[in-house]
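Q: Data file query-v8.cif (mmCIF, C-alpha atoms and all ligand atoms; chains and numbers go by the auth columns) is appended below.
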```cif
data_work
loop_
_atom_site.group_PDB
_atom_site.id
_atom_site.type_symbol
_atom_site.label_atom_id
_atom_site.label_comp_id
_atom_site.label_asym_id
_atom_site.label_seq_id
_atom_site.Cartn_x
_atom_site.Cartn_y
_atom_site.Cartn_z
_atom_site.B_iso_or_equiv
_atom_site.auth_seq_id
_atom_site.auth_asym_id
ATOM 1 C CA MET A 1 14.196 0.995 23.359 0.00 1 A
ATOM 2 C CA THR A 2 15.259 -2.574 23.749 0.00 2 A
ATOM 3 C CA ALA A 3 17.901 -4.434 21.842 0.00 3 A
ATOM 4 C CA ILE A 4 16.900 -6.516 18.844 0.00 4 A
ATOM 5 C CA ASP A 5 16.331 -10.158 19.837 0.00 5 A
ATOM 6 C CA LEU A 6 18.124 -11.829 16.975 0.00 6 A
ATOM 7 C CA SER A 7 16.773 -15.291 17.742 0.00 7 A
ATOM 8 C CA ARG A 8 13.256 -13.999 17.025 0.00 8 A
ATOM 9 C CA SER A 9 14.052 -11.635 14.133 0.00 9 A
ATOM 10 C CA VAL A 10 14.604 -12.119 10.444 0.00 10 A
ATOM 11 C CA LEU A 11 16.001 -9.847 7.746 0.00 11 A
ATOM 12 C CA LEU A 12 13.850 -10.097 4.616 0.00 12 A
ATOM 13 C CA VAL A 13 15.690 -9.082 1.456 0.00 13 A
ATOM 14 C CA ILE A 14 13.171 -8.440 -1.295 0.00 14 A
ATOM 15 C CA ASP A 15 13.907 -8.925 -5.007 0.00 15 A
ATOM 16 C CA VAL A 16 17.475 -7.593 -5.339 0.00 16 A
ATOM 17 C CA GLN A 17 17.611 -9.036 -8.840 0.00 17 A
ATOM 18 C CA ASN A 18 19.331 -7.828 -11.994 0.00 18 A
ATOM 19 C CA ASP A 19 16.073 -6.822 -13.689 0.00 19 A
ATOM 20 C CA PHE A 20 15.307 -4.324 -10.909 0.00 20 A
ATOM 21 C CA ILE A 21 18.756 -2.690 -11.069 0.00 21 A
ATOM 22 C CA PRO A 22 19.590 0.012 -13.673 0.00 22 A
ATOM 23 C CA GLY A 23 20.273 -1.805 -16.952 0.00 23 A
ATOM 24 C CA GLY A 24 17.584 -4.382 -16.143 0.00 24 A
ATOM 25 C CA ALA A 25 14.135 -4.844 -17.664 0.00 25 A
ATOM 26 C CA LEU A 26 12.232 -3.118 -14.834 0.00 26 A
ATOM 27 C CA ALA A 27 14.962 -0.938 -13.406 0.00 27 A
ATOM 28 C CA VAL A 28 14.334 0.887 -10.145 0.00 28 A
ATOM 29 C CA ASN A 29 16.106 4.264 -10.013 0.00 29 A
ATOM 30 C CA ASP A 30 19.271 4.025 -7.934 0.00 30 A
ATOM 31 C CA GLY A 31 18.393 0.402 -7.163 0.00 31 A
ATOM 32 C CA GLU A 32 22.033 -0.621 -6.770 0.00 32 A
ATOM 33 C CA ALA A 33 22.347 1.740 -3.796 0.00 33 A
ATOM 34 C CA VAL A 34 20.519 -0.768 -1.602 0.00 34 A
ATOM 35 C CA ILE A 35 23.158 -3.468 -2.000 0.00 35 A
ATOM 36 C CA PRO A 36 25.958 -2.207 0.309 0.00 36 A
ATOM 37 C CA ARG A 37 23.372 -1.203 2.890 0.00 37 A
ATOM 38 C CA ILE A 38 21.716 -4.619 2.844 0.00 38 A
ATOM 39 C CA ASN A 39 25.114 -6.312 3.084 0.00 39 A
ATOM 40 C CA GLN A 40 25.972 -4.155 6.102 0.00 40 A
ATOM 41 C CA VAL A 41 22.631 -4.679 7.853 0.00 41 A
ATOM 42 C CA GLY A 42 22.751 -8.374 7.025 0.00 42 A
ATOM 43 C CA ARG A 43 25.808 -8.841 9.235 0.00 43 A
ATOM 44 C CA HIS A 44 23.664 -8.104 12.292 0.00 44 A
ATOM 45 C CA PHE A 45 21.183 -10.906 11.602 0.00 45 A
ATOM 46 C CA LYS A 46 21.358 -14.606 12.347 0.00 46 A
ATOM 47 C CA GLN A 47 18.341 -15.292 10.165 0.00 47 A
ATOM 48 C CA VAL A 48 18.074 -13.956 6.632 0.00 48 A
ATOM 49 C CA VAL A 49 15.448 -14.761 3.996 0.00 49 A
ATOM 50 C CA ILE A 50 15.876 -13.597 0.403 0.00 50 A
ATOM 51 C CA THR A 51 13.043 -13.392 -2.148 0.00 51 A
ATOM 52 C CA GLN A 52 13.166 -13.652 -5.908 0.00 52 A
ATOM 53 C CA ASP A 53 10.414 -12.500 -8.259 0.00 53 A
ATOM 54 C CA TRP A 54 10.142 -15.601 -10.466 0.00 54 A
ATOM 55 C CA HIS A 55 7.713 -15.474 -13.378 0.00 55 A
ATOM 56 C CA SER A 56 6.986 -17.840 -16.252 0.00 56 A
ATOM 57 C CA ALA A 57 7.318 -16.268 -19.733 0.00 57 A
ATOM 58 C CA ASN A 58 3.514 -16.308 -20.122 0.00 58 A
ATOM 59 C CA HIS A 59 2.961 -14.476 -16.832 0.00 59 A
ATOM 60 C CA ILE A 60 -0.260 -12.492 -16.501 0.00 60 A
ATOM 61 C CA SER A 61 1.569 -9.361 -15.254 0.00 61 A
ATOM 62 C CA PHE A 62 3.540 -8.929 -18.489 0.00 62 A
ATOM 63 C CA ALA A 63 2.136 -6.298 -20.893 0.00 63 A
ATOM 64 C CA GLU A 64 3.353 -8.296 -23.863 0.00 64 A
ATOM 65 C CA ASN A 65 0.948 -11.090 -22.908 0.00 65 A
ATOM 66 C CA HIS A 66 -2.056 -8.737 -23.319 0.00 66 A
ATOM 67 C CA PHE A 67 -2.833 -7.726 -26.899 0.00 67 A
ATOM 68 C CA GLY A 68 -2.756 -3.965 -27.426 0.00 68 A
ATOM 69 C CA ARG A 69 -1.521 -3.195 -23.909 0.00 69 A
ATOM 70 C CA SER A 70 1.614 -1.353 -22.849 0.00 70 A
ATOM 71 C CA PRO A 71 3.799 -1.554 -19.771 0.00 71 A
ATOM 72 C CA PHE A 72 2.395 0.417 -16.814 0.00 72 A
ATOM 73 C CA ASP A 73 -1.225 0.167 -18.076 0.00 73 A
ATOM 74 C CA CYS A 74 -3.623 -1.060 -15.412 0.00 74 A
ATOM 75 C CA ILE A 75 -6.190 -3.761 -16.193 0.00 75 A
ATOM 76 C CA ASP A 76 -8.908 -5.499 -14.197 0.00 76 A
ATOM 77 C CA LEU A 77 -8.363 -9.181 -13.485 0.00 77 A
ATOM 78 C CA PRO A 78 -10.698 -11.521 -11.592 0.00 78 A
ATOM 79 C CA TYR A 79 -8.626 -10.925 -8.439 0.00 79 A
ATOM 80 C CA GLY A 80 -8.524 -7.121 -8.818 0.00 80 A
ATOM 81 C CA PRO A 81 -6.586 -4.362 -10.590 0.00 81 A
ATOM 82 C CA GLN A 82 -3.229 -5.370 -12.056 0.00 82 A
ATOM 83 C CA THR A 83 -0.481 -3.071 -13.285 0.00 83 A
ATOM 84 C CA LEU A 84 1.124 -4.471 -16.424 0.00 84 A
ATOM 85 C CA TRP A 85 4.896 -4.581 -16.395 0.00 85 A
ATOM 86 C CA PRO A 86 7.676 -4.989 -18.894 0.00 86 A
ATOM 87 C CA THR A 87 8.671 -8.656 -19.074 0.00 87 A
ATOM 88 C CA HIS A 88 10.976 -9.164 -16.081 0.00 88 A
ATOM 89 C CA CYS A 89 12.439 -11.847 -13.805 0.00 89 A
ATOM 90 C CA VAL A 90 11.640 -14.725 -16.127 0.00 90 A
ATOM 91 C CA GLN A 91 12.454 -18.031 -14.415 0.00 91 A
ATOM 92 C CA GLY A 92 16.046 -19.042 -15.132 0.00 92 A
ATOM 93 C CA SER A 93 16.992 -15.822 -16.966 0.00 93 A
ATOM 94 C CA SER A 94 19.991 -13.681 -16.020 0.00 94 A
ATOM 95 C CA GLY A 95 17.594 -10.825 -15.188 0.00 95 A
ATOM 96 C CA ALA A 96 16.033 -13.011 -12.509 0.00 96 A
ATOM 97 C CA GLU A 97 19.348 -13.757 -10.804 0.00 97 A
ATOM 98 C CA LEU A 98 20.180 -12.109 -7.515 0.00 98 A
ATOM 99 C CA HIS A 99 22.633 -9.250 -8.000 0.00 99 A
ATOM 100 C CA VAL A 100 26.168 -10.573 -7.868 0.00 100 A
ATOM 101 C CA ASP A 101 27.235 -8.039 -5.198 0.00 101 A
ATOM 102 C CA LEU A 102 24.622 -9.169 -2.703 0.00 102 A
ATOM 103 C CA ASP A 103 26.749 -10.699 0.045 0.00 103 A
ATOM 104 C CA LEU A 104 24.556 -12.741 2.376 0.00 104 A
ATOM 105 C CA PRO A 105 26.165 -16.174 2.538 0.00 105 A
ATOM 106 C CA HIS A 106 24.324 -16.967 5.784 0.00 106 A
ATOM 107 C CA ALA A 107 20.832 -16.565 4.254 0.00 107 A
ATOM 108 C CA GLN A 108 18.873 -19.765 4.926 0.00 108 A
ATOM 109 C CA LEU A 109 15.972 -19.472 2.519 0.00 109 A
ATOM 110 C CA ILE A 110 15.535 -18.121 -0.977 0.00 110 A
ATOM 111 C CA LEU A 111 11.809 -17.847 -1.562 0.00 111 A
ATOM 112 C CA ARG A 112 10.589 -17.582 -5.146 0.00 112 A
ATOM 113 C CA LYS A 113 7.265 -15.849 -5.673 0.00 113 A
ATOM 114 C CA GLY A 114 5.049 -14.954 -8.620 0.00 114 A
ATOM 115 C CA CYS A 115 5.505 -18.476 -9.980 0.00 115 A
ATOM 116 C CA ASN A 116 1.801 -18.934 -10.743 0.00 116 A
ATOM 117 C CA SER A 117 1.341 -17.764 -14.340 0.00 117 A
ATOM 118 C CA GLY A 118 -2.177 -16.478 -13.625 0.00 118 A
ATOM 119 C CA ILE A 119 -1.545 -14.631 -10.341 0.00 119 A
ATOM 120 C CA ASP A 120 0.984 -11.911 -9.588 0.00 120 A
ATOM 121 C CA SER A 121 2.668 -11.799 -6.196 0.00 121 A
ATOM 122 C CA TYR A 122 4.266 -8.596 -5.007 0.00 122 A
ATOM 123 C CA SER A 123 4.061 -9.900 -1.463 0.00 123 A
ATOM 124 C CA ALA A 124 6.422 -12.509 -0.072 0.00 124 A
ATOM 125 C CA PHE A 125 3.517 -13.822 2.044 0.00 125 A
ATOM 126 C CA VAL A 126 0.290 -13.903 -0.007 0.00 126 A
ATOM 127 C CA GLU A 127 -0.251 -13.782 -3.768 0.00 127 A
ATOM 128 C CA ALA A 128 -2.272 -11.045 -5.484 0.00 128 A
ATOM 129 C CA ASP A 129 -5.508 -13.059 -5.297 0.00 129 A
ATOM 130 C CA ARG A 130 -5.085 -12.367 -1.549 0.00 130 A
ATOM 131 C CA ARG A 131 -5.698 -16.069 -0.814 0.00 131 A
ATOM 132 C CA THR A 132 -2.802 -18.153 -2.067 0.00 132 A
ATOM 133 C CA SER A 133 -0.108 -18.359 0.613 0.00 133 A
ATOM 134 C CA THR A 134 3.583 -18.617 -0.206 0.00 134 A
ATOM 135 C CA GLY A 135 4.084 -20.441 3.106 0.00 135 A
ATOM 136 C CA LEU A 136 6.438 -17.785 4.471 0.00 136 A
ATOM 137 C CA ALA A 137 4.296 -16.863 7.495 0.00 137 A
ATOM 138 C CA GLY A 138 4.187 -20.535 8.497 0.00 138 A
ATOM 139 C CA TYR A 139 7.934 -20.911 7.988 0.00 139 A
ATOM 140 C CA LEU A 140 8.688 -17.914 10.206 0.00 140 A
ATOM 141 C CA LYS A 141 6.170 -18.978 12.842 0.00 141 A
ATOM 142 C CA ALA A 142 7.576 -22.513 12.940 0.00 142 A
ATOM 143 C CA ARG A 143 11.003 -21.013 13.632 0.00 143 A
ATOM 144 C CA GLY A 144 9.749 -18.800 16.483 0.00 144 A
ATOM 145 C CA ILE A 145 10.243 -15.560 14.581 0.00 145 A
ATOM 146 C CA ASP A 146 7.974 -12.687 15.566 0.00 146 A
ATOM 147 C CA THR A 147 9.816 -9.699 14.074 0.00 147 A
ATOM 148 C CA VAL A 148 10.760 -8.901 10.470 0.00 148 A
ATOM 149 C CA TYR A 149 13.029 -6.214 9.046 0.00 149 A
ATOM 150 C CA LEU A 150 12.425 -5.553 5.346 0.00 150 A
ATOM 151 C CA THR A 151 14.880 -4.244 2.760 0.00 151 A
ATOM 152 C CA GLY A 152 15.147 -4.283 -1.041 0.00 152 A
ATOM 153 C CA LEU A 153 13.168 -3.468 -4.158 0.00 153 A
ATOM 154 C CA ALA A 154 10.765 -1.992 -4.862 0.00 154 A
ATOM 155 C CA LEU A 155 9.724 -0.067 -1.737 0.00 155 A
ATOM 156 C CA ASP A 156 6.260 0.834 -3.114 0.00 156 A
ATOM 157 C CA PHE A 157 5.456 -2.613 -4.511 0.00 157 A
ATOM 158 C CA CYS A 158 7.047 -5.802 -3.255 0.00 158 A
ATOM 159 C CA VAL A 159 8.534 -4.342 -0.060 0.00 159 A
ATOM 160 C CA ALA A 160 5.319 -2.520 0.931 0.00 160 A
ATOM 161 C CA TRP A 161 3.006 -5.428 0.123 0.00 161 A
ATOM 162 C CA SER A 162 5.261 -7.773 2.054 0.00 162 A
ATOM 163 C CA ALA A 163 5.383 -5.390 5.018 0.00 163 A
ATOM 164 C CA LEU A 164 1.573 -5.037 5.086 0.00 164 A
ATOM 165 C CA ASP A 165 1.152 -8.813 4.959 0.00 165 A
ATOM 166 C CA ALA A 166 3.771 -9.265 7.670 0.00 166 A
ATOM 167 C CA ARG A 167 1.651 -7.014 9.892 0.00 167 A
ATOM 168 C CA ALA A 168 -1.476 -8.936 8.898 0.00 168 A
ATOM 169 C CA ALA A 169 0.331 -12.113 9.967 0.00 169 A
ATOM 170 C CA GLY A 170 0.877 -10.544 13.405 0.00 170 A
ATOM 171 C CA LEU A 171 4.596 -9.892 13.040 0.00 171 A
ATOM 172 C CA ASN A 172 6.402 -6.836 14.395 0.00 172 A
ATOM 173 C CA THR A 173 7.400 -5.160 11.153 0.00 173 A
ATOM 174 C CA PHE A 174 10.176 -2.709 10.347 0.00 174 A
ATOM 175 C CA VAL A 175 11.105 -1.349 6.934 0.00 175 A
ATOM 176 C CA VAL A 176 14.689 -0.116 6.635 0.00 176 A
ATOM 177 C CA VAL A 177 13.828 2.662 4.202 0.00 177 A
ATOM 178 C CA ASP A 178 17.333 3.696 3.150 0.00 178 A
ATOM 179 C CA ALA A 179 18.010 0.043 2.244 0.00 179 A
ATOM 180 C CA CYS A 180 15.056 0.230 -0.203 0.00 180 A
ATOM 181 C CA ARG A 181 14.320 2.142 -3.408 0.00 181 A
ATOM 182 C CA GLY A 182 10.914 2.703 -5.049 0.00 182 A
ATOM 183 C CA ILE A 183 9.415 2.760 -8.539 0.00 183 A
ATOM 184 C CA ASP A 184 6.963 5.631 -7.777 0.00 184 A
ATOM 185 C CA LEU A 185 4.255 5.119 -10.379 0.00 185 A
ATOM 186 C CA ASP A 186 1.415 7.694 -10.116 0.00 186 A
ATOM 187 C CA GLY A 187 2.078 8.483 -6.457 0.00 187 A
ATOM 188 C CA SER A 188 2.570 4.842 -5.466 0.00 188 A
ATOM 189 C CA LEU A 189 5.469 5.652 -3.131 0.00 189 A
ATOM 190 C CA ALA A 190 3.566 8.172 -0.980 0.00 190 A
ATOM 191 C CA LYS A 191 0.541 5.859 -0.932 0.00 191 A
ATOM 192 C CA ALA A 192 2.640 2.896 0.173 0.00 192 A
ATOM 193 C CA VAL A 193 4.231 4.909 2.979 0.00 193 A
ATOM 194 C CA ARG A 194 0.781 6.071 4.179 0.00 194 A
ATOM 195 C CA GLN A 195 -0.590 2.517 4.119 0.00 195 A
ATOM 196 C CA MET A 196 2.414 1.114 5.961 0.00 196 A
ATOM 197 C CA GLN A 197 2.229 3.796 8.654 0.00 197 A
ATOM 198 C CA ALA A 198 -1.523 3.247 9.077 0.00 198 A
ATOM 199 C CA ALA A 199 -0.928 -0.495 9.492 0.00 199 A
ATOM 200 C CA GLY A 200 1.701 -0.024 12.199 0.00 200 A
ATOM 201 C CA VAL A 201 4.741 -0.799 10.068 0.00 201 A
ATOM 202 C CA GLN A 202 7.700 1.028 11.603 0.00 202 A
ATOM 203 C CA LEU A 203 9.907 2.912 9.171 0.00 203 A
ATOM 204 C CA ILE A 204 13.536 3.018 10.296 0.00 204 A
ATOM 205 C CA THR A 205 16.959 3.606 8.723 0.00 205 A
ATOM 206 C CA THR A 206 20.274 1.752 8.760 0.00 206 A
ATOM 207 C CA ASN A 207 21.374 4.109 11.585 0.00 207 A
ATOM 208 C CA THR A 208 19.455 1.749 13.853 0.00 208 A
ATOM 209 C CA PHE A 209 22.165 -0.842 13.297 0.00 209 A
ATOM 210 C CA HIS A 210 25.159 1.374 14.016 0.00 210 A
ATOM 211 C CA ASP A 211 27.657 0.483 16.637 0.00 211 A
ATOM 212 C CA PRO A 212 26.406 1.302 20.177 0.00 212 A
ATOM 213 C CA GLN A 213 29.554 3.354 20.834 0.00 213 A
ATOM 214 C CA GLU A 214 28.515 5.705 18.045 0.00 214 A
ATOM 215 C CA ASN A 215 25.037 6.317 19.416 0.00 215 A
ATOM 216 C CA PRO A 216 24.100 4.587 22.659 0.00 216 A
ATOM 217 C CA SER A 217 20.451 5.764 22.528 0.00 217 A
ATOM 218 C CA ILE A 218 19.443 3.596 19.591 0.00 218 A
ATOM 219 C CA PRO A 219 18.541 -0.080 19.645 0.00 219 A
ATOM 220 C CA VAL A 220 21.333 -2.427 18.704 0.00 220 A
ATOM 221 C CA ALA A 221 21.597 -6.028 17.722 0.00 221 A
ATOM 222 C CA VAL A 222 22.738 -8.445 20.424 0.00 222 A
HETATM 223 C C1 LIG B . 8.054 -5.857 -8.387 0.00 301 A
HETATM 224 C C2 LIG B . 6.704 -5.000 -10.019 0.00 301 A
HETATM 225 C C3 LIG B . 6.560 -6.233 -10.594 0.00 301 A
HETATM 226 C C4 LIG B . 8.878 -5.606 -7.171 0.00 301 A
HETATM 227 C C5 LIG B . 7.922 -7.113 -8.932 0.00 301 A
HETATM 228 O O1 LIG B . 9.801 -6.413 -6.876 0.00 301 A
HETATM 229 O O2 LIG B . 8.621 -4.602 -6.487 0.00 301 A
HETATM 230 N N1 LIG B . 7.431 -4.808 -8.929 0.00 301 A
HETATM 231 N N2 LIG B . 7.171 -7.295 -10.035 0.00 301 A
HETATM 232 ZN ZN ZN B . 7.114 -9.207 -10.998 0.00 302 A
#
```
Spell out the structure here as structure tokens.
Ligand code: VGL
Ligand code: ZN
A:
Amino acid sequence: MTAIDLSRSVLLVIDVQNDFIPGGALAVNDGEAVIPRINQVGRHFKQVVITQDWHSANHISFAENHFGRSPFDCIDLPYGPQTLWPTHCVQGSSGAELHVDLDLPHAQLILRKGCNSGIDSYSAFVEADRRTSTGLAGYLKARGIDTVYLTGLALDFCVAWSALDARAAGLNTFVVVDACRGIDLDGSLAKAVRQMQAAGVQLITTNTFHDPQENPSIPVAV
């Protein structure tokens, strides 16, 4: 295995926001466990991009905006099936803020997604209509980046959709699974892992980033 070429690689940190951490509106079990791992992995990267789920109060993915519906129901929208969620990550709210312990001062870009009230966006690359681009693929391409490492929340939704779209954009794609946690709704975690593996997303752990003295056989950042 070769060393990671940091000039061509980016760490993508997905949605480490208060609403996805226990105590938040759409808490992911053990979500806070990703934070020290992301901080540690982040030190190896020159290029870091953070995403924020960033919805208007009238967002189409919120159950409370659909009469008679409850969180976690699934409905059909013009662009396809949509899981309805508790109201979360409302633009400007404290729940939408990045967790205070996230320590990535060198991150260059904070990308907000899901801003269109009528379209959800789990993916950091393409919205749920599968057409509307966030511009991230172009941003990475313009900077000569061909490899992405994904971390964050939730593994089976925003991380997995972002990883699949990263592959579709022709990027080498790694998911650092122990720096992610999932929601696991009706088998969504196993399904996401299957889809990622089928698409050529490589699932790795933070061990990959350990000091070469500890384990010389693994790839290290240079
Ligand atoms: C997410 C559900 C709704 C996520 C965002 O960050 O995985 N999941 N909005
Ligand atoms: Zn959302």
Q: If I take CA of His44 (chain A) and CA of Phe209 (chain A), how far is one from the other in Å, to one decimal?
A: 7.5 Å
Q: Please enumerate the residues selected by the PyMOL selection byres (((chain A and resi 52) around 12) and not hetatm) when evaluated against the supplied file, formatted as a ChimeraX atom specification.
A: /A:12-20,49-51,53-55,88-93,95-99,109-115,121-124,152-154,158-159
Q: Restricting the calculation to all atoms listed in the file, which member of A:Arg143, A:His59, A:His210, A:Arg167 is positioned closest to ligand LIG 301 (chain A)?
A: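 Closest candidate: A:His59.
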Q: Pick from A:Glu127, A:Asp146, A:Asp103, A:Asp178: nearest to ligand LIG 301 (chain A), with only C-alpha atoms and all ligand atoms counted?
A: A:Glu127
Q: For the atom pair CA of Ile60 (chain A) and CA of Phe125 (chain A), what is the interatomic distance in Å to one decimal place?
A: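 So the answer is 19.0 Å.
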Q: Tell me, as a list of chain:residue names, which residues lie within 12 Å of Gly170 (chain A), counting only C-alpha atoms; anything in the same chain fewer than 4 positions away does not count.
A: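 That gives A:Ala137, A:Gly138, A:Leu140, A:Lys141, A:Ile145, A:Asp146, A:Thr147, A:Val148, A:Ala163, A:Leu164, A:Asp165, A:Ala166, A:Ala199, A:Gly200, A:Val201.
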Q: Need to verify the contact set: Ala192 (chain A), 8 Å, only C-alpha atoms, exclusion of same-chain residues closer than 6 positions in sequence. Can you return it as a ChimeraX atom specification?
A: /A:155-157,160
Q: Using the chain letters and numbers from the file, give me the residues hit by the PyMOL selection byres (((chain A and resi 77) around 12) and not hetatm), as a list in words.
A: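 Given this file, the PyMOL selection byres (((chain A and resi 77) around 12) and not hetatm) evaluates to Ile60, Ser61, His66, Cys74, Ile75, Asp76, Pro78, Tyr79, Gly80, Pro81, Gln82, Thr83, Leu84, Gly118, Ile119, Asp120, Ala128 and Asp129 of chain A.
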Q: Just want the 12 Å neighbourhood of Pro105 (chain A), counted on only C-alpha atoms, with same-chain residues fewer than 6 positions away dropped. Output as a list in words.
A: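 Result of the neighbour search: Asn39, Gly42, Arg43, Phe45, Lys46, Gln47, Val48, Val49 and Ile50 of chain A.
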Q: When you draw a straight line from CA of Asp184 (chain A) to CA of Asn65 (chain A), how long is it in Å?
A: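 Straight-line distance from CA of Asp184 (chain A) to CA of Asn65 (chain A) works out to 23.3 Å.
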Q: Would you mind telling me which residue in A:Gln108, A:Thr208, A:Thr87, A:Gln195 lies nearest to ligand LIG 301 (chain A) when using only C-alpha atoms and all ligand atoms?
A: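 Using only C-alpha atoms and all ligand atoms, ligand LIG 301 (chain A) sits closest to A:Thr87.
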Q: Please identify all polymer residues within 6 Å of region 67-71 of chain A, counting all atoms listed in the file, omitting same-chain residues fewer than 2 positions from it, and present them as an NGL selection string.
A: :A and (63 or 73 or 84-86)
Q: A:Asn172, A:Gln197, A:Thr205, A:Ser188: which is nearest ligand LIG 301 (chain A), counting all atoms listed in the file?
A: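 Looking at the shortest contact to ligand LIG 301 (chain A), the residue is A:Ser188.
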Q: Residues near Ala33 (chain A), anyone? I mean within 9 Å using only C-alpha atoms, not counting same-chain ones fewer than 2 positions away, as a compact mmCIF listing (two decimals) with C-alpha atoms, in the coordinates of the input.
A:
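The resulting file, selection_30.txt, is reproduced below:
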```txt
# COMPACT_ATOMS: atom_id res chain seq x y z
CA ASP A 30 19.27 4.03 -7.93
CA GLY A 31 18.39 0.40 -7.16
CA ILE A 35 23.16 -3.47 -2.00
CA PRO A 36 25.96 -2.21 0.31
CA ARG A 37 23.37 -1.20 2.89
CA ASP A 178 17.33 3.70 3.15
CA ALA A 179 18.01 0.04 2.24
CA CYS A 180 15.06 0.23 -0.20
CA ARG A 181 14.32 2.14 -3.41
```
Q: Please define a box with edges along x, y and z of the file around all atoms of region 104-108 of chain A given in the file, extend it by 3 Å on each side, and return its centre and edge lengths in Å to one decimal, as JSON.
A:
```
{"center_x": 22.5, "center_y": -16.3, "center_z": 4.1, "size_x": 13.3, "size_y": 13.0, "size_z": 9.4}
```
Q: Between A:Phe62, A:Ile21, A:Leu6, A:Val175, which is the closest to ligand ZN 302 (chain A) once you count only C-alpha atoms and all ligand atoms?
A: A:Phe62
Q: Rank nothing, just name the residue among A:Val28, A:Val34, A:Ile4, A:Ala198 nearest to ligand LIG 301 (chain A), using only C-alpha atoms and all ligand atoms.
A: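 Result for the nearest residue to ligand LIG 301 (chain A): A:Val28.
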